[in-house]
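Following: one structure in structure tokens, then a few remarks.
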Amino acid sequence: RKKKSLLMRFTIPHSPIMIFIKFENALKAFKAAADQGHALPRYEYADMLDNGKGTKVNKEEVFKNYKLAADQGHPRSTFMCGIKLNNGE
């Protein structure tokens, strides 16, 4: 059985640099940026909540954040809202 990673990897485009950060710290950073109205971090925050990375799964908070990011025009969030609605979540 594969051990679950506790770190999230970020890459910098067109650079060999990779940054590793604990899921809990990434979750806080995405939440802070989402609270300032940024769509991409809001999607990432919802995705982490949806998959239980750094926190427990919270389906209500997941959909709320996907919906807010979708309302800002984030395409993957729009797709995820459709998936959640189709699954009755």
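Residue names in the structure tokens use chain letters A, B, ... in the order shown, residue numbers from 1 in each chain, and ligand numbers from 1 in the order shown.
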Can you list every residue in segment 11-62 of chain A that DSSP puts in helix (DSSP H, G or I), as a ChimeraX atom specification?
/A:23-35,39-51,59-62
Long-range neighbours of segment 62-79 of chain A as an MDAnalysis selection string, 9 Å cut-off, only C-alpha atoms, 4 positions minimum in chain:
chainID A and resid 34 37:43 45:50 57:58 83:85 89
Export, as a PDB file, in the first residue's frame, the selected residues with N, CA and C atoms.
```pdb
ATOM      1  N   ALA A  34      -8.296  32.836  -1.244  1.00  0.00           N
ATOM      2  CA  ALA A  34      -9.698  32.700  -1.653  1.00  0.00           C
ATOM      3  C   ALA A  34     -10.561  33.759  -0.970  1.00  0.00           C
ATOM      4  N   GLY A  37     -10.785  36.887  -2.699  1.00  0.00           N
ATOM      5  CA  GLY A  37     -11.524  36.917  -3.953  1.00  0.00           C
ATOM      6  C   GLY A  37     -10.833  36.337  -5.172  1.00  0.00           C
ATOM      7  N   HIS A  38      -9.791  35.543  -4.977  1.00  0.00           N
ATOM      8  CA  HIS A  38      -9.066  34.960  -6.103  1.00  0.00           C
ATOM      9  C   HIS A  38      -9.648  33.594  -6.468  1.00  0.00           C
ATOM     10  N   ALA A  39      -9.987  33.406  -7.742  1.00  0.00           N
ATOM     11  CA  ALA A  39     -10.674  32.192  -8.189  1.00  0.00           C
ATOM     12  C   ALA A  39      -9.800  30.939  -8.143  1.00  0.00           C
ATOM     13  N   LEU A  40      -8.568  31.002  -8.638  1.00  0.00           N
ATOM     14  CA  LEU A  40      -7.722  29.808  -8.681  1.00  0.00           C
ATOM     15  C   LEU A  40      -7.436  29.254  -7.280  1.00  0.00           C
ATOM     16  N   PRO A  41      -7.016  30.090  -6.320  1.00  0.00           N
ATOM     17  CA  PRO A  41      -6.818  29.544  -4.977  1.00  0.00           C
ATOM     18  C   PRO A  41      -8.122  29.023  -4.359  1.00  0.00           C
ATOM     19  N   ARG A  42      -9.245  29.634  -4.722  1.00  0.00           N
ATOM     20  CA  ARG A  42     -10.529  29.145  -4.205  1.00  0.00           C
ATOM     21  C   ARG A  42     -10.798  27.741  -4.737  1.00  0.00           C
ATOM     22  N   TYR A  43     -10.496  27.517  -6.020  1.00  0.00           N
ATOM     23  CA  TYR A  43     -10.632  26.173  -6.586  1.00  0.00           C
ATOM     24  C   TYR A  43      -9.703  25.196  -5.862  1.00  0.00           C
ATOM     25  N   TYR A  45      -8.449  25.400  -2.883  1.00  0.00           N
ATOM     26  CA  TYR A  45      -8.962  25.215  -1.529  1.00  0.00           C
ATOM     27  C   TYR A  45     -10.103  24.204  -1.537  1.00  0.00           C
ATOM     28  N   ALA A  46     -11.053  24.368  -2.468  1.00  0.00           N
ATOM     29  CA  ALA A  46     -12.182  23.444  -2.573  1.00  0.00           C
ATOM     30  C   ALA A  46     -11.702  22.031  -2.895  1.00  0.00           C
ATOM     31  N   ASP A  47     -10.719  21.924  -3.783  1.00  0.00           N
ATOM     32  CA  ASP A  47     -10.176  20.622  -4.156  1.00  0.00           C
ATOM     33  C   ASP A  47      -9.538  19.925  -2.955  1.00  0.00           C
ATOM     34  N   MET A  48      -8.809  20.680  -2.148  1.00  0.00           N
ATOM     35  CA  MET A  48      -8.196  20.096  -0.952  1.00  0.00           C
ATOM     36  C   MET A  48      -9.263  19.648   0.037  1.00  0.00           C
ATOM     37  N   LEU A  49     -10.309  20.459   0.217  1.00  0.00           N
ATOM     38  CA  LEU A  49     -11.414  20.064   1.095  1.00  0.00           C
ATOM     39  C   LEU A  49     -12.111  18.819   0.552  1.00  0.00           C
ATOM     40  N   ASP A  50     -12.269  18.771  -0.755  1.00  0.00           N
ATOM     41  CA  ASP A  50     -12.964  17.658  -1.412  1.00  0.00           C
ATOM     42  C   ASP A  50     -12.213  16.347  -1.245  1.00  0.00           C
ATOM     43  N   VAL A  57     -12.909  16.065   5.023  1.00  0.00           N
ATOM     44  CA  VAL A  57     -13.786  16.394   3.895  1.00  0.00           C
ATOM     45  C   VAL A  57     -15.008  17.143   4.422  1.00  0.00           C
ATOM     46  N   ASN A  58     -15.353  18.245   3.735  1.00  0.00           N
ATOM     47  CA  ASN A  58     -16.509  19.057   4.117  1.00  0.00           C
ATOM     48  C   ASN A  58     -17.291  19.369   2.847  1.00  0.00           C
ATOM     49  N   ILE A  83     -20.358  18.168 -11.784  1.00  0.00           N
ATOM     50  CA  ILE A  83     -20.132  16.803 -11.260  1.00  0.00           C
ATOM     51  C   ILE A  83     -20.842  16.634  -9.923  1.00  0.00           C
ATOM     52  N   LYS A  84     -20.662  17.606  -9.037  1.00  0.00           N
ATOM     53  CA  LYS A  84     -21.266  17.516  -7.691  1.00  0.00           C
ATOM     54  C   LYS A  84     -22.795  17.507  -7.799  1.00  0.00           C
ATOM     55  N   LEU A  85     -23.361  18.345  -8.631  1.00  0.00           N
ATOM     56  CA  LEU A  85     -24.813  18.382  -8.796  1.00  0.00           C
ATOM     57  C   LEU A  85     -25.317  17.069  -9.406  1.00  0.00           C
ATOM     58  N   GLU A  89     -24.612  15.797  -4.700  1.00  0.00           N
ATOM     59  CA  GLU A  89     -23.882  16.296  -3.523  1.00  0.00           C
ATOM     60  C   GLU A  89     -24.218  17.739  -3.248  1.00  0.00           C
TER      61      GLU A  89
END
```
